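Reading through the structure tokens given below for one structure.
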2 protein chains.
Amino acid sequence: MAEDSTALPTQLAAATLSDVASSSPVESLKAEFSDRVPIRSIISRPDGGAGLAGQRVRVGGWVKTGRKADKDAFAFLELNDGSCPGNLQVIVDAAVADLSPLVPTGTCVAVDGVLKLPPAGTRQKVELRVEKVIHVGQVDPAKYPLPKTKLTLERLREHVHLRSRTNTIAAIARIRNALAYATHTFFQKHGFLYVHTPIITTSDCEGAGEMFQVTTLISEADRLEKDLINNPPPSAADIDAAQLVVKEKGDIVAQLKSAKAEKNEISASVSELKIAKENLARLEERSKLKPGLPKKDGKIDYTHDFFARQAFLTVSGQLQVESYACALSSVYTFGPTFRAENSHTSRHLAEFWMVEPEIAFAELKDDMNCAEAYVRFLCQWLLDNCLDDMEFMADKYDKTCIERLRMVSSTPFERISYTEAVELLEEAVKNGQKFENKSVKWGIDLASEHERYLTEVKFQKPVIVYNYPKDIKAFYMKVNDDCKTVAAMDVLVPKVGELIGGSQREERYEVIQQRIQEMGLPLEPYEWYLDLRRYGTVKHSGFGLGFERMLLFATGIDNIRDVIPFPRYPGRADL
Amino acid sequence: MAEDSTALPTQLAAATLSDVASSSPVESLKAEFSDRVPIRSIISRPDGGAGLAGQRVRVGGWVKTGRKADKDAFAFLELNDGSCPGNLQVIVDAAVADLSPLVPTGTCVAVDGVLKLPPAGTRQKVELRVEKVIHVGQVDPAKYPLPKTKLTLERLREHVHLRSRTNTIAAIARIRNALAYATHTFFQKHGFLYVHTPIITTSDCEGAGEMFQVTTLISEADRLEKDLINNPPPSAADIDAAQLVVKEKGDIVAQLKSAKAEKNEISASVSELKIAKENLARLEERSKLKPGLPKKDGKIDYTHDFFARQAFLTVSGQLQVESYACALSSVYTFGPTFRAENSHTSRHLAEFWMVEPEIAFAELKDDMNCAEAYVRFLCQWLLDNCLDDMEFMADKYDKTCIERLRMVSSTPFERISYTEAVELLEEAVKNGQKFENKSVKWGIDLASEHERYLTEVKFQKPVIVYNYPKDIKAFYMKVNDDCKTVAAMDVLVPKVGELIGGSQREERYEVIQQRIQEMGLPLEPYEWYLDLRRYGTVKHSGFGLGFERMLLFATGIDNIRDVIPFPRYPGRADL
């Protein structure tokens with residue numbers, strides 16, 4: 001650490017390795033508010049770090065593999081600090097440190113040393129000869145839950161607090177980070193404002209059945225129950241006694257008054273009466289306390305809940321972000337959303353992240369343009385910024401994942417109407433294509449297998465299907481002039497099927513009001529949403545991208561539980 | 001809208017106003033996936049838009065003020081689309097459109113027109129002469145909840161779905177957006193990975209009292225109650241009857257067997273017996289159903305809850321993000337956090353956003369360096385990117401807010417130990433400084449007035465106080481060698497006091513285990529956290545910045561409910 005407490009941290013790392021920045025501006029050593037140099041800054045340079053030979057650096061990381069060699073004269077450590085998929089080869093002389101504690105997989109070490117060119121014929125372009133071991137965080141290999149031999153992704157979910165130390169979960173974390181920053185960059189670049197829509201919501205938009213409830217009633221009831229045990233409510237006798245005291249004190253006041261006693265004597269007795277009355281009121285109040293949730297007319301009384309009404313976790317920020325679009329024109333939200341569905345599939349999470357842009361003065365075609373530009377931008381971003389991690393994924397999980405990114409980033413998306421899509425599927429069935437789901441005909445909701453057929457088999461590129469039958473879509477979607485379809489669109493991509501769902505929103509007050517009622521929904525909770533149409537209404541459109549779906553698409557990973565750091569699903573919410 | 005559905009939207013706006021980008025690259029017209037041009041692209045140019053005179057554009061927005069003039073021959077509309085604080089003056093000829101529906105405040109209009117230089121002596125540098133009105137979203141001024149006369153910020157909270165149409169809330173939204181993107185940019189620039197820590201958590205780290213519970217038990221109980229009403233559970237007589245059937249069917253099987261009946265006859269009777277038994281089991285199961293929450297041994301049985309245990313909304317992502325720091329070295333989280341505190345102050349929300357970086361191989365001084373660099377970066381970012389909105393805030397709310405940003409962005413922070421801070425406060429008291437809170441002495445938790453004295457009066461710049469008494473700080477903070485203090489630090493700034501709280505984390509297994517026990521906390525829920533110290537432990541440090549606090553600091557707004565789009569506090573969770 002620098003001794004000058006006011007020094008900006010960028011100066012710290014620069015001092016450690018002062019001439020590197022100039023030698024390679026792109027991959028220059030980055031300060032990370034630590035005196036170590038990220039391994040990425042060394043080995044991810046175009047020359048693999050060879051040009052840094054002779055430099056003295058401090059690095060820190062976790063041992064991927066370690067071994068002693070040359071009759072225990074040296075230890076070779078493959079060190080990884082998470083800054084990139086690659087490891088730095090670190091060589092420790094037995095004269096420098098006790099080697100045995102260094103070599104177990106998972107050991108944390110920080111060392112000072114000199115970068116050297118390795119012997120000819122080795123894979124790495126640079127290695128570190130250690131001069132001093134600064135820190136060792138030991139591991140007992142007999143107990144460490146992540147042995148050198150690989151665990152399946154499923155087994156790794158048992159160790160969600162340690163699994164980011166594996167190559168796979170670390171690569172996914174870096175890809176996820178890149179996609180998140182690419183998302184912000186894309187929308188900021190296009191003048192969209194990031195809006196934090198609420199997590200706790202009282203807009204029960206999609207039916208309470210699939211929403212998590214947020215409450216303090218249960219903890220309040222627990223507290224009350226404990227309190228009533230420690231301090232039981234007054235009995236009827238207690239209250240009778242208190243009533244008697246009130247009567248007595250009242251009688252005394254009356255006597256003193258009728259006896260025209262002295263003022264201070266009367267006022268003293270009045271004070272005593274007041275205290276007796278307060279005590280009685282307190283007892284009566286406490287006698288009403290009952291264990292359990294507060295009820296009124298047989299139902300839970302939510303006026304006692306934290307928000308004085310029933311509250312839930314949001315299933316989408318769309319409706320709320322629309323209120324900002326109808327003032328600030330181009331906005332987006334990117335945050336967690338929740339479904340309390342009892343789904344045990346590899347495609348569902350109870351907590352997941354959504355990106356939801358919303359654009360005023362925009363029709364469905366603008367929405368499709370935005371969705372296409374965004375997805376292509378994300379793909380290009382990964383190619384530009386995460387190629388090393390993508391190569392790891394291609395090597396270990398999905399040979400086609402890099403090709404897929406290249407194809408999507410460079411190919412205009414096919415756009416077909418729902419009606420055309422159904423015709424293509426009917427034609428495919430005629431030509432022998434088998435689908436497991438109900439027969440294909442106009443009016444059905446497309447199943448995942450239909451979507452994947454269109455994007456993977458028929459067009460072999462992303463497909464946007466638009467203008468869906470209104471009966472299978474949400475009330476807020478704009479009714480088209482044909483009165484049969486709504487201006488909705490889904491973006492389908494190979495590997496995952498539906499990646500994005502969006503629509504132009506119905507901006508006509510009378511039409512949307514009628515749609516709410518047609519769907520059997522109550523109007524009252526939507527009055528605020530109707531206000532957006534009552535006052536200064538505007539054409540607007542938006543969509544939602546399931547962020548974990550995008551990660552499945554990018555990485556080729558099969559189970560959604562492995563592309564979010566802390567997966568939540570029925571029966572599991574570790575940490 | 002462009003007719004070519006595959007055209008990228010950047011081409012749309014470019015075609016509308018093709019020569020602008022080259023004339024002013026910084027403020028070039030941005031495509032927003034709409035055929036309108038953002039008003040910012042016109043009036044926020046260095047020349048105020050004058051250089052665009054003669055250009056034909058489409059704009060859309062909401063009327064701030066409108067009036068008819070020249071015996072109703074013209075309407076003048078001040079149009080705002082949220083892209084910047086300024087309005088575009090729009091002039092509509094009565095020959096072009098019916099003027100009356102255009103002028104009420106709040107009306108949405110989209111128009112095509114030609115930019116013109118205004119008459120000499122007017123404030124604006126450019127105005128728009130309308131050729132065609134494309135869209136009018138009308139407003140009935142008698143009903144519109146946001147009249148031209150200003151409402152207080154408090155009154156505006158009654159209209160949370162419309163308040164982003166006011167100048168103030170729109171400016172705050174743009175500043176908030178800028179600070180969010182600046183946050184990502186800062187950490188990405190320094191090699192930090194963005195990690196999504198969980199919102200739903202089973203780590204009850206700070207005591208359940210202040211946490212919101214997340215559950216499906218109540219909705220399940222409601223569903224069950226309805227089900228039991230529609231379909232009452234079987235009576236004892238129903239079950240007796242079903243038992244009788246089982247017995248009869250069993251007797252038949254026994255008879256057939258002992259009579260050595262034909263095989264298919266026996267197996268038919270066995271089938272019937274099986275059905276009867278299943279029916280009985282179903283009835284017995286249903287007879288156990290009781291309305292209300294599921295209980296076991298008098299307590300709520302959380303094995304029936306969605307996650308098979310009690311779950312809460314997170315109060316901080318720190319512990320979870322530490323697990324990523326102990327693998328990926330430099331990470332941060334930026335997400336919503338929750339407190340179920342019954343606080344009705346202007347400084348507390350039930351749902352708020354936190355930025356929490358965590359750095360491995362970093363000590364307290366590195367942590368302070370990071371915090372200081374981050375806060376200064378945010379301030380400079382606002383000066384560079386939001387000066388027009390900041391000028392609005394300075395004009396309307398806090399004359400000193402721009403000065404404050406300049407000072408903080410350019411001034412090294414003062415750093416003093418807690419012990420020094422207490423000495424300075426004691427000295428101040430001696431010299432006549434009055435504090436409302438308990439007497440100042442070593443060991444107290446500094447109150448807001450103490451913090452503000454240090455930063456606003458004593459040093460008149462940001463102050464970092466470090467090394468606090470261990471008894472007033474959390475278990476995870478690194479115990480210093482003096483055994484009396486921990487390596488904690490708070491960043492204090494003028495206007496809000498504490499903006500950031502952070503610490504070096506205790507990385508020694510034995511010490512942190514002992515600290516947990518000393519604080520009377522159970523070890524079991526922290527076993528995963530202890531694993532980070534058991535296996536490959538590393539020095540690490542981090543901090544949390546309350547994002548809304550930063551907004552209060554930047555904007556000078558007094559009430560935290562006005563700097564978050566959808567405020568949640570006791571009794572209120574609108575939308």
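Just remember, in the structure tokens the first chain shown is A, the second B, etc., residues are 1-based per chain, and ligands are 1-based in the order shown.
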Handout entry: For Met211 in chain B: contacts at 10 Å, only C-alpha atoms, fewer than 6 positions along chain excluded, given as a count of residues only
Key = 16
Exercise for the section: Tell me, as a ChimeraX atom specification, which residues lie within 10 Å of Leu244 in chain A, counting only C-alpha atoms; anything in the same chain fewer than 6 positions away does not count. Expected result: /A:238,250,276,280
Exercise for the section: Excluding Val90 in chain B and any residue of its chain fewer than 5 positions from it, enumerate the residues within 12 Å of it, using only C-alpha atoms, and give them as a PyMOL selection string. Expected result: chain B and resi 39+57-68+74-80+102-103+109-118+124+126-133
Save the residues we just selected, C-alpha atoms, as a tab-separated table (two decimals), in the first residue's frame?
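Done, and the output landed in part-v8.tsv:
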chain	number	residue	atom	x	y	z
B	39	ILE	CA	-35.32	17.98	-28.47
B	57	VAL	CA	-37.66	17.72	-38.40
B	58	ARG	CA	-40.29	15.74	-36.56
B	59	VAL	CA	-40.48	16.32	-32.82
B	60	GLY	CA	-42.80	15.03	-30.14
B	61	GLY	CA	-43.32	15.91	-26.52
B	62	TRP	CA	-45.65	17.27	-23.88
B	63	VAL	CA	-46.80	20.87	-23.75
B	64	LYS	CA	-45.36	22.72	-20.75
B	65	THR	CA	-47.19	25.95	-21.53
B	66	GLY	CA	-49.29	26.77	-24.54
B	67	ARG	CA	-51.11	29.92	-25.58
B	68	LYS	CA	-52.94	31.26	-28.54
B	74	PHE	CA	-51.18	31.11	-33.95
B	75	ALA	CA	-50.42	28.90	-30.99
B	76	PHE	CA	-47.10	29.02	-29.17
B	77	LEU	CA	-46.23	25.75	-27.45
B	78	GLU	CA	-43.31	25.13	-25.11
B	79	LEU	CA	-42.63	21.49	-25.87
B	80	ASN	CA	-40.60	19.13	-23.65
B	102	LEU	CA	-53.04	21.83	-28.48
B	103	VAL	CA	-52.54	24.42	-25.79
B	109	VAL	CA	-48.13	16.49	-29.60
B	110	ALA	CA	-45.98	15.19	-32.43
B	111	VAL	CA	-45.39	17.55	-35.32
B	112	ASP	CA	-43.43	17.95	-38.53
B	113	GLY	CA	-41.98	21.36	-39.17
B	114	VAL	CA	-39.08	23.54	-40.17
B	115	LEU	CA	-36.57	24.99	-37.71
B	116	LYS	CA	-36.32	28.78	-37.97
B	117	LEU	CA	-34.31	31.52	-36.34
B	118	PRO	CA	-36.62	33.39	-33.97
B	124	GLN	CA	-34.53	30.83	-27.59
B	126	VAL	CA	-34.26	28.36	-32.62
B	127	GLU	CA	-37.96	27.61	-32.95
B	128	LEU	CA	-40.09	25.25	-34.95
B	129	ARG	CA	-42.73	26.34	-37.49
B	130	VAL	CA	-45.17	23.47	-37.77
B	131	GLU	CA	-46.23	22.19	-41.18
B	132	LYS	CA	-48.24	19.20	-40.01
B	133	VAL	CA	-49.61	17.96	-36.72
Handout entry: range 325-412 of chain A: residues DSSP assigns to alpha helix (DSSP H), reported as number ranges by chain
Key = A: 325-328, 364-385, 387-396, 401-410
Go ahead and dump the residues you just picked, N, CA and C atoms, as a CSV table (one decimal), in the first residue's frame.
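part_17.csv, written as the output of this step:
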chain,number,residue,atom,x,y,z
A,325,ALA,N,-41.8,6.6,-19.6
A,325,ALA,CA,-41.7,6.8,-21.0
A,325,ALA,C,-42.7,7.9,-21.5
A,326,CYS,N,-43.8,7.9,-20.8
A,326,CYS,CA,-44.8,8.9,-21.1
A,326,CYS,C,-44.5,10.3,-20.5
A,327,ALA,N,-43.2,10.5,-20.3
A,327,ALA,CA,-42.7,11.8,-19.8
A,327,ALA,C,-41.3,12.1,-20.3
A,328,LEU,N,-40.5,11.0,-20.4
A,328,LEU,CA,-39.1,11.2,-20.7
A,328,LEU,C,-38.8,10.5,-22.1
A,364,LEU,N,-44.7,-0.5,-33.6
A,364,LEU,CA,-44.1,-1.8,-33.5
A,364,LEU,C,-42.8,-2.0,-34.3
A,365,LYS,N,-42.8,-1.3,-35.5
A,365,LYS,CA,-41.6,-1.5,-36.3
A,365,LYS,C,-40.4,-0.9,-35.6
A,366,ASP,N,-40.6,0.2,-35.0
A,366,ASP,CA,-39.5,0.8,-34.2
A,366,ASP,C,-39.0,-0.1,-33.1
A,367,ASP,N,-40.0,-0.7,-32.5
A,367,ASP,CA,-39.7,-1.7,-31.4
A,367,ASP,C,-38.8,-2.8,-31.9
A,368,MET,N,-39.2,-3.4,-33.1
A,368,MET,CA,-38.5,-4.5,-33.7
A,368,MET,C,-37.1,-4.0,-34.0
A,369,ASN,N,-37.0,-2.8,-34.6
A,369,ASN,CA,-35.7,-2.3,-34.9
A,369,ASN,C,-34.8,-2.2,-33.7
A,370,CYS,N,-35.4,-1.7,-32.6
A,370,CYS,CA,-34.6,-1.6,-31.4
A,370,CYS,C,-34.1,-2.9,-30.8
A,371,ALA,N,-35.1,-3.9,-30.8
A,371,ALA,CA,-34.8,-5.2,-30.3
A,371,ALA,C,-33.7,-5.9,-31.1
A,372,GLU,N,-33.8,-5.7,-32.4
A,372,GLU,CA,-32.8,-6.3,-33.3
A,372,GLU,C,-31.4,-5.7,-33.1
A,373,ALA,N,-31.4,-4.3,-33.1
A,373,ALA,CA,-30.1,-3.6,-32.9
A,373,ALA,C,-29.5,-4.0,-31.6
A,374,TYR,N,-30.3,-4.1,-30.5
A,374,TYR,CA,-29.8,-4.4,-29.2
A,374,TYR,C,-29.2,-5.8,-29.1
A,375,VAL,N,-29.9,-6.8,-29.7
A,375,VAL,CA,-29.4,-8.2,-29.6
A,375,VAL,C,-28.1,-8.3,-30.4
A,376,ARG,N,-28.1,-7.7,-31.6
A,376,ARG,CA,-26.9,-7.7,-32.4
A,376,ARG,C,-25.7,-7.0,-31.7
A,377,PHE,N,-26.0,-5.9,-31.0
A,377,PHE,CA,-25.0,-5.2,-30.3
A,377,PHE,C,-24.4,-6.1,-29.2
A,378,LEU,N,-25.3,-6.8,-28.5
A,378,LEU,CA,-24.8,-7.7,-27.4
A,378,LEU,C,-23.8,-8.7,-27.9
A,379,CYS,N,-24.2,-9.3,-29.1
A,379,CYS,CA,-23.4,-10.4,-29.7
A,379,CYS,C,-22.0,-9.8,-30.1
A,380,GLN,N,-22.0,-8.7,-30.7
A,380,GLN,CA,-20.8,-8.1,-31.2
A,380,GLN,C,-19.9,-7.7,-30.0
A,381,TRP,N,-20.6,-7.3,-28.9
A,381,TRP,CA,-19.8,-6.9,-27.7
A,381,TRP,C,-19.0,-8.0,-27.1
A,382,LEU,N,-19.7,-9.2,-27.1
A,382,LEU,CA,-19.0,-10.4,-26.6
A,382,LEU,C,-17.8,-10.8,-27.4
A,383,LEU,N,-18.0,-10.7,-28.8
A,383,LEU,CA,-16.9,-11.0,-29.7
A,383,LEU,C,-15.8,-10.0,-29.5
A,384,ASP,N,-16.1,-8.8,-29.2
A,384,ASP,CA,-15.1,-7.8,-29.0
A,384,ASP,C,-14.4,-7.8,-27.7
A,385,ASN,N,-15.2,-8.2,-26.6
A,385,ASN,CA,-14.7,-8.0,-25.3
A,385,ASN,C,-14.5,-9.3,-24.5
A,387,LEU,N,-13.8,-12.6,-25.9
A,387,LEU,CA,-13.5,-13.7,-26.8
A,387,LEU,C,-12.8,-14.9,-26.1
A,388,ASP,N,-11.9,-14.5,-25.1
A,388,ASP,CA,-11.2,-15.6,-24.4
A,388,ASP,C,-12.2,-16.5,-23.6
A,389,ASP,N,-13.1,-15.8,-23.0
A,389,ASP,CA,-14.1,-16.6,-22.3
A,389,ASP,C,-15.0,-17.4,-23.2
A,390,MET,N,-15.4,-16.8,-24.3
A,390,MET,CA,-16.2,-17.5,-25.3
A,390,MET,C,-15.5,-18.7,-25.9
A,391,GLU,N,-14.2,-18.6,-26.1
A,391,GLU,CA,-13.4,-19.7,-26.5
A,391,GLU,C,-13.4,-20.8,-25.5
A,392,PHE,N,-13.4,-20.5,-24.3
A,392,PHE,CA,-13.5,-21.5,-23.2
A,392,PHE,C,-14.8,-22.2,-23.3
A,393,MET,N,-15.9,-21.4,-23.5
A,393,MET,CA,-17.2,-22.0,-23.6
A,393,MET,C,-17.3,-22.9,-24.8
A,394,ALA,N,-16.8,-22.5,-25.9
A,394,ALA,CA,-16.8,-23.2,-27.2
A,394,ALA,C,-16.1,-24.5,-27.0
A,395,ASP,N,-15.0,-24.5,-26.3
A,395,ASP,CA,-14.1,-25.6,-26.1
A,395,ASP,C,-14.8,-26.7,-25.2
A,396,LYS,N,-15.5,-26.2,-24.1
A,396,LYS,CA,-16.0,-27.1,-23.1
A,396,LYS,C,-17.5,-27.4,-23.2
A,401,CYS,N,-21.0,-21.9,-30.2
A,401,CYS,CA,-21.5,-20.7,-29.6
A,401,CYS,C,-20.8,-19.4,-30.2
A,402,ILE,N,-19.6,-19.5,-30.6
A,402,ILE,CA,-18.9,-18.3,-31.2
A,402,ILE,C,-19.5,-18.1,-32.6
A,403,GLU,N,-19.6,-19.1,-33.4
A,403,GLU,CA,-20.3,-19.0,-34.7
A,403,GLU,C,-21.7,-18.3,-34.6
A,404,ARG,N,-22.4,-18.8,-33.5
A,404,ARG,CA,-23.8,-18.2,-33.3
A,404,ARG,C,-23.7,-16.7,-33.1
A,405,LEU,N,-22.8,-16.3,-32.3
A,405,LEU,CA,-22.7,-14.9,-32.0
A,405,LEU,C,-22.3,-14.1,-33.3
A,406,ARG,N,-21.4,-14.7,-34.1
A,406,ARG,CA,-21.0,-14.1,-35.3
A,406,ARG,C,-22.2,-13.9,-36.3
A,407,MET,N,-22.9,-15.0,-36.4
A,407,MET,CA,-24.0,-15.1,-37.3
A,407,MET,C,-25.1,-14.0,-36.9
A,408,VAL,N,-25.4,-14.0,-35.6
A,408,VAL,CA,-26.5,-13.1,-35.2
A,408,VAL,C,-26.0,-11.6,-35.3
A,409,SER,N,-24.8,-11.4,-35.0
A,409,SER,CA,-24.3,-10.0,-35.0
A,409,SER,C,-24.2,-9.4,-36.4
A,410,SER,N,-24.2,-10.3,-37.4
A,410,SER,CA,-24.0,-9.8,-38.8
A,410,SER,C,-25.2,-10.1,-39.7
With a cut-off of 10 Å, could you pull out the residues of range 178-248 of chain B touching range 152-173 of chain A and give me the nearest pair of atoms for each, distance in Å to one decimal, using only C-alpha atoms, ordered by chain and ascending number, as a tab-separated table?
residue	atom	partner	partner_atom	distance
B:Leu193	CA	A:Ala173	CA	7.8
B:Tyr194	CA	A:Ala173	CA	8.3
B:Val195	CA	A:Ala173	CA	7.3
B:His196	CA	A:Ala173	CA	9.4
Completion exercise
From the list A:Trp442, A:Phe553, A:Tyr302, A:Tyr535, the nearest residue to chain B using only C-alpha atoms is A:Tyr535
Practice task
For Thr333 in chain A, work out the shell of residues within 10 Å, counting only C-alpha atoms and skipping chain neighbours fewer than 4 positions away, then give it as number ranges by chain.
Solution key: A: 184, 192-198, 316-318, 320-321, 354-358, 544
Same residues, all heavy atoms, output as a compact mmCIF listing (two decimals), in the first residue's frame:
# COMPACT_ATOMS: atom_id res chain seq x y z
N HIS A 184 -26.26 -1.49 -20.69
CA HIS A 184 -26.29 -0.07 -20.32
C HIS A 184 -25.67 0.79 -21.42
O HIS A 184 -26.19 1.85 -21.77
CB HIS A 184 -25.55 0.15 -19.00
CG HIS A 184 -26.32 -0.33 -17.81
ND1 HIS A 184 -27.53 0.21 -17.43
CD2 HIS A 184 -26.06 -1.32 -16.91
CE1 HIS A 184 -27.97 -0.41 -16.35
NE2 HIS A 184 -27.11 -1.35 -16.02
N PHE A 192 -31.43 6.58 -24.05
CA PHE A 192 -32.41 6.04 -23.11
C PHE A 192 -31.96 6.35 -21.68
O PHE A 192 -30.78 6.30 -21.37
CB PHE A 192 -32.54 4.52 -23.24
CG PHE A 192 -33.26 4.05 -24.48
CD1 PHE A 192 -32.73 4.27 -25.74
CD2 PHE A 192 -34.46 3.37 -24.38
CE1 PHE A 192 -33.38 3.83 -26.88
CE2 PHE A 192 -35.12 2.91 -25.51
CZ PHE A 192 -34.59 3.15 -26.76
N LEU A 193 -32.95 6.63 -20.83
CA LEU A 193 -32.66 6.85 -19.41
C LEU A 193 -32.98 5.59 -18.61
O LEU A 193 -34.04 4.99 -18.79
CB LEU A 193 -33.51 8.01 -18.88
CG LEU A 193 -33.25 9.38 -19.51
CD1 LEU A 193 -34.32 10.37 -19.08
CD2 LEU A 193 -31.87 9.90 -19.14
N TYR A 194 -32.04 5.23 -17.74
CA TYR A 194 -32.21 4.05 -16.89
C TYR A 194 -33.13 4.43 -15.72
O TYR A 194 -32.84 5.36 -14.99
CB TYR A 194 -30.85 3.62 -16.39
CG TYR A 194 -30.79 2.42 -15.48
CD1 TYR A 194 -31.70 1.38 -15.58
CD2 TYR A 194 -29.77 2.30 -14.54
CE1 TYR A 194 -31.60 0.27 -14.76
CE2 TYR A 194 -29.67 1.20 -13.70
CZ TYR A 194 -30.59 0.19 -13.82
OH TYR A 194 -30.50 -0.91 -12.99
N VAL A 195 -34.23 3.71 -15.56
CA VAL A 195 -35.21 4.00 -14.50
C VAL A 195 -35.31 2.78 -13.57
O VAL A 195 -35.49 1.65 -14.04
CB VAL A 195 -36.60 4.30 -15.10
CG1 VAL A 195 -37.64 4.45 -14.00
CG2 VAL A 195 -36.54 5.55 -15.97
N HIS A 196 -35.18 3.03 -12.29
CA HIS A 196 -35.33 1.94 -11.32
C HIS A 196 -36.81 1.76 -10.98
O HIS A 196 -37.37 2.51 -10.18
CB HIS A 196 -34.54 2.25 -10.04
CG HIS A 196 -33.06 2.11 -10.21
ND1 HIS A 196 -32.16 3.00 -9.70
CD2 HIS A 196 -32.31 1.18 -10.86
CE1 HIS A 196 -30.93 2.61 -10.01
NE2 HIS A 196 -31.00 1.52 -10.71
N THR A 197 -37.42 0.77 -11.59
CA THR A 197 -38.81 0.47 -11.26
C THR A 197 -38.86 -0.29 -9.94
O THR A 197 -37.86 -0.87 -9.51
CB THR A 197 -39.46 -0.35 -12.40
OG1 THR A 197 -38.58 -1.41 -12.76
CG2 THR A 197 -39.70 0.52 -13.61
N PRO A 198 -40.01 -0.27 -9.27
CA PRO A 198 -40.04 -0.83 -7.91
C PRO A 198 -39.96 -2.35 -7.91
O PRO A 198 -40.47 -3.00 -8.82
CB PRO A 198 -41.40 -0.35 -7.39
CG PRO A 198 -42.24 -0.16 -8.60
CD PRO A 198 -41.31 0.31 -9.67
N SER A 316 -42.70 -7.74 -13.41
CA SER A 316 -42.22 -6.98 -14.56
C SER A 316 -42.28 -5.51 -14.21
O SER A 316 -43.19 -5.05 -13.53
CB SER A 316 -43.12 -7.25 -15.78
OG SER A 316 -43.01 -6.20 -16.72
N GLY A 317 -41.29 -4.75 -14.69
CA GLY A 317 -41.32 -3.30 -14.45
C GLY A 317 -42.04 -2.54 -15.55
O GLY A 317 -42.08 -1.31 -15.54
N GLN A 318 -42.62 -3.27 -16.51
CA GLN A 318 -43.15 -2.60 -17.71
C GLN A 318 -44.18 -1.52 -17.41
O GLN A 318 -44.04 -0.38 -17.87
CB GLN A 318 -43.77 -3.63 -18.65
CG GLN A 318 -44.34 -3.00 -19.90
CD GLN A 318 -45.40 -3.85 -20.55
OE1 GLN A 318 -45.22 -5.05 -20.68
NE2 GLN A 318 -46.49 -3.25 -20.95
N GLN A 320 -44.88 0.21 -14.83
CA GLN A 320 -44.34 1.38 -14.14
C GLN A 320 -43.39 2.17 -15.04
O GLN A 320 -43.38 3.39 -15.01
CB GLN A 320 -43.61 0.96 -12.87
CG GLN A 320 -44.55 0.52 -11.74
CD GLN A 320 -44.76 -0.98 -11.70
OE1 GLN A 320 -44.48 -1.68 -12.67
NE2 GLN A 320 -45.24 -1.48 -10.58
N VAL A 321 -42.59 1.46 -15.83
CA VAL A 321 -41.64 2.19 -16.68
C VAL A 321 -42.39 2.94 -17.78
O VAL A 321 -41.92 3.97 -18.27
CB VAL A 321 -40.53 1.26 -17.23
CG1 VAL A 321 -40.87 0.69 -18.58
CG2 VAL A 321 -39.19 2.01 -17.30
N MET A 354 -34.47 -8.87 -15.83
CA MET A 354 -35.08 -8.50 -17.10
C MET A 354 -34.59 -7.13 -17.54
O MET A 354 -34.40 -6.23 -16.72
CB MET A 354 -36.60 -8.41 -16.95
CG MET A 354 -37.26 -9.76 -16.81
SD MET A 354 -38.22 -10.18 -18.28
CE MET A 354 -39.69 -9.22 -17.95
N VAL A 355 -34.44 -6.97 -18.84
CA VAL A 355 -34.15 -5.67 -19.44
C VAL A 355 -35.41 -5.25 -20.18
O VAL A 355 -35.91 -5.99 -21.03
CB VAL A 355 -32.97 -5.77 -20.44
CG1 VAL A 355 -32.70 -4.43 -21.09
CG2 VAL A 355 -31.73 -6.32 -19.76
N GLU A 356 -35.94 -4.07 -19.83
CA GLU A 356 -37.21 -3.65 -20.42
C GLU A 356 -37.16 -2.19 -20.89
O GLU A 356 -37.39 -1.28 -20.11
CB GLU A 356 -38.35 -3.84 -19.41
CG GLU A 356 -38.58 -5.30 -19.04
CD GLU A 356 -39.67 -5.48 -18.00
OE1 GLU A 356 -39.41 -5.16 -16.81
OE2 GLU A 356 -40.77 -5.93 -18.35
N PRO A 357 -36.84 -1.98 -22.17
CA PRO A 357 -36.91 -0.62 -22.72
C PRO A 357 -38.34 -0.25 -23.08
O PRO A 357 -39.17 -1.13 -23.32
CB PRO A 357 -36.04 -0.70 -23.98
CG PRO A 357 -36.08 -2.12 -24.38
CD PRO A 357 -36.31 -2.94 -23.14
N GLU A 358 -38.60 1.04 -23.07
CA GLU A 358 -39.93 1.55 -23.43
C GLU A 358 -39.73 2.87 -24.17
O GLU A 358 -39.03 3.75 -23.68
CB GLU A 358 -40.77 1.76 -22.16
CG GLU A 358 -42.23 2.00 -22.40
CD GLU A 358 -43.00 0.75 -22.84
OE1 GLU A 358 -42.64 -0.37 -22.44
OE2 GLU A 358 -43.95 0.91 -23.63
N GLY A 544 -39.32 -6.85 -23.46
CA GLY A 544 -38.56 -7.39 -22.34
C GLY A 544 -37.63 -8.48 -22.83
O GLY A 544 -38.03 -9.33 -23.63
